Number of protein chains: 2
Amino acid sequence: MAAPSKAWRPPASLAAARGMKWIKEIRFGPYGLVPAIVQEGGKVLMIAYMNRRALELTVRTGYAHFYSRSRKKLWKKGEESGHVQKVAEIRTDCDADAILLKVRQKGPGACHTGHRSCFFRAVRGGRLVVTDRLRFDPGQVYGPK
Amino acid sequence: MAAPSKAWRPPASLAAARGMKWIKEIRFGPYGLVPAIVQEGGKVLMIAYMNRRALELTVRTGYAHFYSRSRKKLWKKGEESGHVQKVAEIRTDCDADAILLKVRQKGPGACHTGHRSCFFRAVRGGRLVVTDRLRFDPGQVYGPK
């Protein structure tokens, strides 16, 4: 593992993508957004939304950026927690209206609740049940709210 | 493998979910929809949208149902192709505004283009490149358009 202080170099395949013409093929939907699924290995970590600028920043920096619909602003994943996502691959679907990011998640988890994945609940016996253990204490990472 | 003619029984955990009170916790967004990521093993097959009725039908039948934004109607995945998705698990995320379905995909693929996954293209050298092989001939499955 590289020390956290070392600069992250996006993989060559992504760096070469800095010619960003392909982004014109992405069909941004209502509000100029597309959903972006974030996956590490076989695990889906989260889903968030990207506008064109967030996608460009993701390609340019190699770190996942999104657009927050609630806060109405661009954000770099992990900007507060340090739990950034280094992008290894960018995929799109048949309709080019969704993005799939394959990442390396830095830190113990992607979710602000302290879980590895935001999808930490499953339906069991007619209820939503937490199936994943906590990986970190959100209070320690984000401070008191 | 069960013969295709045999009825599919959803797993007990899902069947028990037929008490569908938990669906009230799902926060359907604009247009009453939530995105639903469909995953088989470690592979993300597709993303589609569900309204409340599609989610209820998915739980009740054990087969993935969605709402088509373009056709403005409910659909059962595979209703035309036979490539249905048997739901093994339903998960939701921290905000309860997205669904993750773990499925068994019937037939050679989930995508109408003939690929296993709709995410069959990746960014390589500044272009979108098809990285996955065709699994079936869409013309044979869906007939001439």
# chains A, B, ... in the order shown; residues from 1 in each chain; ligands from 1

call {"tool": "closest_atom_pairs", "arguments": {"of": "chain B", "to": "chain A", "cutoff": "9 Å", "atoms": "only C-alpha atoms", "output": "Markdown table"}}
result
| residue | atom | partner | partner_atom | distance |
| --- | --- | --- | --- | --- |
| B:Ala12 | CA | A:Gly125 | CA | 8.0 |
| B:Ser13 | CA | A:Arg124 | CA | 5.1 |
| B:Leu14 | CA | A:Arg124 | CA | 6.5 |
| B:Ala15 | CA | A:Gly125 | CA | 7.6 |
| B:Ala16 | CA | A:Gly125 | CA | 4.5 |
| B:Ala17 | CA | A:Gly126 | CA | 3.4 |
| B:Arg18 | CA | A:Gly126 | CA | 6.2 |
| B:Gly19 | CA | A:Gly126 | CA | 5.1 |
| B:Met20 | CA | A:Gly126 | CA | 5.9 |
| B:Lys21 | CA | A:Gly126 | CA | 7.0 |
| B:Trp22 | CA | A:Arg127 | CA | 5.4 |
| B:Ile23 | CA | A:Arg127 | CA | 8.8 |
| B:Glu25 | CA | A:Leu128 | CA | 8.7 |
| B:Pro35 | CA | A:Pro35 | CA | 8.2 |
| B:Ile37 | CA | A:Ile37 | CA | 8.0 |
| B:Gln39 | CA | A:Val44 | CA | 8.6 |
| B:Gly41 | CA | A:Gly42 | CA | 7.0 |
| B:Gly42 | CA | A:Gly42 | CA | 3.7 |
| B:Lys43 | CA | A:Gly42 | CA | 6.5 |
| B:Val44 | CA | A:Val44 | CA | 8.3 |
| B:Met46 | CA | A:Asp93 | CA | 7.4 |
| B:Ile47 | CA | A:Ala98 | CA | 7.6 |
| B:Glu89 | CA | A:Ala122 | CA | 7.1 |
| B:Ile90 | CA | A:Val123 | CA | 5.7 |
| B:Arg91 | CA | A:Ala122 | CA | 4.1 |
| B:Thr92 | CA | A:Phe119 | CA | 5.3 |
| B:Asp93 | CA | A:Phe119 | CA | 4.1 |
| B:Cys94 | CA | A:Cys118 | CA | 5.2 |
| B:Asp95 | CA | A:Cys118 | CA | 8.3 |
| B:Ala96 | CA | A:Phe119 | CA | 8.9 |
| B:Ala98 | CA | A:Ile47 | CA | 7.6 |
| B:Ile99 | CA | A:Phe119 | CA | 8.2 |
| B:Leu100 | CA | A:Phe119 | CA | 7.3 |
| B:Cys111 | CA | A:Cys94 | CA | 7.6 |
| B:His112 | CA | A:Cys94 | CA | 8.4 |
| B:Thr113 | CA | A:Cys94 | CA | 7.3 |
| B:Ser117 | CA | A:Asp93 | CA | 8.1 |
| B:Cys118 | CA | A:Asp93 | CA | 4.8 |
| B:Phe119 | CA | A:Asp93 | CA | 4.1 |
| B:Phe120 | CA | A:Asp93 | CA | 6.5 |
| B:Arg121 | CA | A:Arg91 | CA | 5.6 |
| B:Ala122 | CA | A:Arg91 | CA | 4.2 |
| B:Val123 | CA | A:Ile90 | CA | 5.7 |
| B:Arg124 | CA | A:Ser13 | CA | 5.1 |
| B:Gly125 | CA | A:Ala16 | CA | 4.5 |
| B:Gly126 | CA | A:Ala17 | CA | 3.5 |
| B:Arg127 | CA | A:Trp22 | CA | 5.4 |
| B:Leu128 | CA | A:Trp22 | CA | 6.3 |

call {"tool": "write_last_selection", "arguments": {"atoms": "N, CA and C atoms", "output": "tab-separated table (two decimals), in the first residue's frame"}}
result
chain	number	residue	atom	x	y	z
B	12	ALA	N	-36.71	-17.85	1.59
B	12	ALA	CA	-37.59	-17.64	2.74
B	12	ALA	C	-37.48	-16.21	3.27
B	13	SER	N	-36.24	-15.69	3.27
B	13	SER	CA	-36.04	-14.35	3.82
B	13	SER	C	-36.85	-13.31	3.04
B	14	LEU	N	-36.94	-13.56	1.73
B	14	LEU	CA	-37.67	-12.62	0.89
B	14	LEU	C	-39.17	-12.88	1.00
B	15	ALA	N	-39.52	-14.16	0.99
B	15	ALA	CA	-40.94	-14.51	1.09
B	15	ALA	C	-41.54	-13.91	2.35
B	16	ALA	N	-40.78	-13.98	3.43
B	16	ALA	CA	-41.26	-13.42	4.69
B	16	ALA	C	-41.45	-11.92	4.57
B	17	ALA	N	-40.76	-11.34	3.61
B	17	ALA	CA	-40.84	-9.91	3.40
B	17	ALA	C	-42.18	-9.50	2.80
B	18	ARG	N	-43.02	-10.50	2.56
B	18	ARG	CA	-44.32	-10.17	1.97
B	18	ARG	C	-45.14	-9.30	2.91
B	19	GLY	N	-44.84	-9.39	4.18
B	19	GLY	CA	-45.29	-8.32	5.04
B	19	GLY	C	-44.48	-7.11	4.60
B	20	MET	N	-45.07	-6.20	3.88
B	20	MET	CA	-44.28	-5.21	3.14
B	20	MET	C	-44.23	-3.85	3.82
B	21	LYS	N	-44.38	-3.85	5.14
B	21	LYS	CA	-44.33	-2.58	5.86
B	21	LYS	C	-43.03	-1.82	5.61
B	22	TRP	N	-41.94	-2.56	5.44
B	22	TRP	CA	-40.64	-1.91	5.27
B	22	TRP	C	-40.61	-1.03	4.02
B	23	ILE	N	-41.49	-1.30	3.08
B	23	ILE	CA	-41.48	-0.49	1.85
B	23	ILE	C	-41.81	0.97	2.17
B	25	GLU	N	-40.50	2.63	4.36
B	25	GLU	CA	-39.25	3.32	4.70
B	25	GLU	C	-38.48	3.79	3.47
B	35	PRO	N	-33.72	4.48	-7.99
B	35	PRO	CA	-32.86	3.64	-8.82
B	35	PRO	C	-32.66	2.28	-8.15
B	37	ILE	N	-30.16	-1.00	-8.50
B	37	ILE	CA	-28.97	-1.63	-9.07
B	37	ILE	C	-29.19	-3.14	-9.01
B	39	GLN	N	-27.38	-6.81	-9.33
B	39	GLN	CA	-26.07	-7.42	-9.24
B	39	GLN	C	-26.21	-8.94	-9.20
B	41	GLY	N	-23.63	-12.11	-8.32
B	41	GLY	CA	-22.27	-12.33	-7.83
B	41	GLY	C	-21.59	-10.97	-7.73
B	42	GLY	N	-20.38	-10.85	-8.23
B	42	GLY	CA	-19.66	-9.59	-8.15
B	42	GLY	C	-19.91	-8.67	-9.32
B	43	LYS	N	-20.82	-9.04	-10.21
B	43	LYS	CA	-21.02	-8.26	-11.44
B	43	LYS	C	-22.28	-7.43	-11.38
B	44	VAL	N	-22.15	-6.13	-11.65
B	44	VAL	CA	-23.32	-5.27	-11.78
B	44	VAL	C	-23.90	-5.49	-13.17
B	46	MET	N	-27.08	-4.21	-14.33
B	46	MET	CA	-27.87	-3.12	-14.89
B	46	MET	C	-28.33	-2.20	-13.79
B	47	ILE	N	-28.87	-1.08	-14.21
B	47	ILE	CA	-29.59	-0.20	-13.30
B	47	ILE	C	-30.91	0.15	-13.96
B	89	GLU	N	-31.98	-11.37	-2.87
B	89	GLU	CA	-31.86	-10.44	-1.73
B	89	GLU	C	-32.21	-9.03	-2.19
B	90	ILE	N	-32.82	-8.29	-1.27
B	90	ILE	CA	-33.11	-6.88	-1.51
B	90	ILE	C	-32.41	-6.07	-0.43
B	91	ARG	N	-31.62	-5.11	-0.85
B	91	ARG	CA	-30.91	-4.23	0.09
B	91	ARG	C	-31.30	-2.78	-0.20
B	92	THR	N	-31.09	-1.92	0.79
B	92	THR	CA	-31.25	-0.49	0.52
B	92	THR	C	-30.09	0.26	1.17
B	93	ASP	N	-29.94	1.53	0.80
B	93	ASP	CA	-28.76	2.26	1.27
B	93	ASP	C	-29.10	3.16	2.46
B	94	CYS	N	-28.10	3.89	2.91
B	94	CYS	CA	-28.22	4.67	4.14
B	94	CYS	C	-29.38	5.66	4.09
B	95	ASP	N	-29.62	6.22	2.92
B	95	ASP	CA	-30.70	7.19	2.78
B	95	ASP	C	-32.03	6.55	2.37
B	96	ALA	N	-31.99	5.24	2.16
B	96	ALA	CA	-33.18	4.49	1.73
B	96	ALA	C	-33.78	5.07	0.46
B	98	ALA	N	-32.29	4.23	-2.63
B	98	ALA	CA	-31.80	3.38	-3.71
B	98	ALA	C	-31.95	1.92	-3.27
B	99	ILE	N	-32.11	1.05	-4.25
B	99	ILE	CA	-32.30	-0.39	-3.99
B	99	ILE	C	-31.14	-1.15	-4.65
B	100	LEU	N	-30.70	-2.19	-3.98
B	100	LEU	CA	-29.73	-3.11	-4.57
B	100	LEU	C	-30.35	-4.50	-4.57
B	111	CYS	N	-28.72	-7.72	-20.81
B	111	CYS	CA	-28.81	-6.53	-21.66
B	111	CYS	C	-29.45	-6.83	-23.01
B	112	HIS	N	-30.30	-5.92	-23.47
B	112	HIS	CA	-31.01	-6.10	-24.73
B	112	HIS	C	-30.05	-6.06	-25.93
B	113	THR	N	-28.79	-5.64	-25.68
B	113	THR	CA	-27.80	-5.60	-26.76
B	113	THR	C	-27.16	-6.97	-27.00
B	117	SER	N	-23.95	-8.00	-19.11
B	117	SER	CA	-24.22	-6.80	-18.32
B	117	SER	C	-24.45	-5.63	-19.26
B	118	CYS	N	-25.29	-4.70	-18.83
B	118	CYS	CA	-25.46	-3.47	-19.60
B	118	CYS	C	-24.19	-2.61	-19.57
B	119	PHE	N	-23.34	-2.83	-18.59
B	119	PHE	CA	-22.11	-2.03	-18.47
B	119	PHE	C	-20.98	-2.72	-19.24
B	120	PHE	N	-21.18	-2.91	-20.55
B	120	PHE	CA	-20.23	-3.68	-21.36
B	120	PHE	C	-19.17	-2.78	-22.02
B	121	ARG	N	-19.21	-1.48	-21.70
B	121	ARG	CA	-18.22	-0.55	-22.25
B	121	ARG	C	-17.43	0.13	-21.15
B	122	ALA	N	-16.13	0.29	-21.39
B	122	ALA	CA	-15.25	0.98	-20.45
B	122	ALA	C	-14.50	2.06	-21.19
B	123	VAL	N	-14.04	3.06	-20.44
B	123	VAL	CA	-13.21	4.12	-21.02
B	123	VAL	C	-11.78	3.60	-21.14
B	124	ARG	N	-11.28	3.63	-22.36
B	124	ARG	CA	-9.91	3.18	-22.63
B	124	ARG	C	-9.31	4.17	-23.63
B	125	GLY	N	-8.24	4.81	-23.22
B	125	GLY	CA	-7.55	5.71	-24.14
B	125	GLY	C	-8.44	6.81	-24.68
B	126	GLY	N	-9.28	7.35	-23.80
B	126	GLY	CA	-10.12	8.48	-24.20
B	126	GLY	C	-11.32	8.10	-25.04
B	127	ARG	N	-11.61	6.79	-25.11
B	127	ARG	CA	-12.79	6.36	-25.88
B	127	ARG	C	-13.58	5.33	-25.09
B	128	LEU	N	-14.84	5.21	-25.45
B	128	LEU	CA	-15.66	4.14	-24.88
B	128	LEU	C	-15.46	2.90	-25.74

call {"tool": "select_by_dssp", "arguments": {"residues": "range 63-118 of chain A", "states": "strand (DSSP E)", "output": "short mmCIF file (atom, residue, chain, number, x, y, z; two decimals) with N, CA and C atoms, in the first residue's frame"}}
result
data_model
loop_
_atom_site.label_atom_id
_atom_site.label_comp_id
_atom_site.auth_asym_id
_atom_site.auth_seq_id
_atom_site.Cartn_x
_atom_site.Cartn_y
_atom_site.Cartn_z
N HIS A 65 -15.65 12.18 -7.88
CA HIS A 65 -16.37 13.40 -7.55
C HIS A 65 -17.84 13.22 -7.92
N PHE A 66 -18.71 13.86 -7.16
CA PHE A 66 -20.14 13.74 -7.42
C PHE A 66 -20.81 15.10 -7.31
N TYR A 67 -22.10 15.12 -7.59
CA TYR A 67 -22.89 16.32 -7.37
C TYR A 67 -23.95 16.00 -6.32
N SER A 68 -23.98 16.77 -5.28
CA SER A 68 -24.96 16.55 -4.22
C SER A 68 -26.27 17.25 -4.56
N LYS A 73 -24.26 21.09 -4.69
CA LYS A 73 -22.88 21.43 -4.99
C LYS A 73 -22.05 20.19 -5.33
N LEU A 74 -20.98 20.45 -6.04
CA LEU A 74 -19.99 19.41 -6.33
C LEU A 74 -19.31 18.98 -5.04
N TRP A 75 -18.96 17.72 -4.95
CA TRP A 75 -18.16 17.29 -3.82
C TRP A 75 -17.20 16.20 -4.25
N LYS A 76 -16.05 16.22 -3.61
CA LYS A 76 -15.10 15.13 -3.78
C LYS A 76 -15.39 14.12 -2.68
N GLN A 85 -11.96 7.94 -2.92
CA GLN A 85 -12.07 6.77 -3.81
C GLN A 85 -11.18 6.97 -5.03
N LYS A 86 -10.19 6.11 -5.18
CA LYS A 86 -9.29 6.16 -6.33
C LYS A 86 -9.91 5.34 -7.45
N VAL A 87 -10.10 5.98 -8.57
CA VAL A 87 -10.86 5.36 -9.65
C VAL A 87 -9.95 4.52 -10.53
N ALA A 88 -10.28 3.25 -10.65
CA ALA A 88 -9.50 2.33 -11.47
C ALA A 88 -10.11 2.17 -12.86
N GLU A 89 -11.42 2.31 -12.94
CA GLU A 89 -12.10 2.10 -14.23
C GLU A 89 -13.42 2.85 -14.24
N ILE A 90 -13.76 3.36 -15.42
CA ILE A 90 -15.05 4.00 -15.62
C ILE A 90 -15.79 3.24 -16.71
N ARG A 91 -17.01 2.83 -16.41
CA ARG A 91 -17.83 2.11 -17.38
C ARG A 91 -19.15 2.87 -17.58
N THR A 92 -19.81 2.60 -18.68
CA THR A 92 -21.16 3.14 -18.85
C THR A 92 -22.05 2.05 -19.41
N ILE A 99 -23.34 5.53 -14.90
CA ILE A 99 -21.88 5.32 -14.81
C ILE A 99 -21.61 4.24 -13.77
N LEU A 100 -20.62 3.42 -14.05
CA LEU A 100 -20.14 2.46 -13.05
C LEU A 100 -18.66 2.74 -12.82
N LEU A 101 -18.35 3.14 -11.58
CA LEU A 101 -16.95 3.39 -11.21
C LEU A 101 -16.41 2.18 -10.47
N LYS A 102 -15.27 1.67 -10.91
CA LYS A 102 -14.56 0.67 -10.11
C LYS A 102 -13.46 1.42 -9.37
N VAL A 103 -13.45 1.28 -8.06
CA VAL A 103 -12.56 2.12 -7.24
C VAL A 103 -11.76 1.29 -6.24
N ARG A 104 -10.75 1.95 -5.69
CA ARG A 104 -10.14 1.50 -4.44
C ARG A 104 -10.56 2.48 -3.36
N GLN A 105 -11.30 1.98 -2.40
CA GLN A 105 -11.80 2.83 -1.31
C GLN A 105 -10.69 3.01 -0.28
#

call {"tool": "atom_distance", "arguments": {"atom1": "CA of Lys77 in chain B", "atom2": "CA of Arg27 in chain A"}}
result
22.5 Å

call {"tool": "atom_distance", "arguments": {"atom1": "CA of Phe28 in chain A", "atom2": "CA of Leu55 in chain A"}}
result
10.7 Å

call {"tool": "atom_distance", "arguments": {"atom1": "CA of Met50 in chain A", "atom2": "CA of Tyr49 in chain B"}}
result
17.1 Å

call {"tool": "residues_around", "arguments": {"residues": "His83 in chain A", "least_positions_apart": "2", "cutoff": "8 Å", "atoms": "only C-alpha atoms", "output": "number ranges by chain"}}
result
A: 77-81, 85, 105-110

call {"tool": "residues_around", "arguments": {"residues": "Val141 in chain A", "least_positions_apart": "2", "cutoff": "9 Å", "atoms": "only C-alpha atoms", "output": "number ranges by chain"}}
result
A: 80-82, 112, 114, 136-139, 143
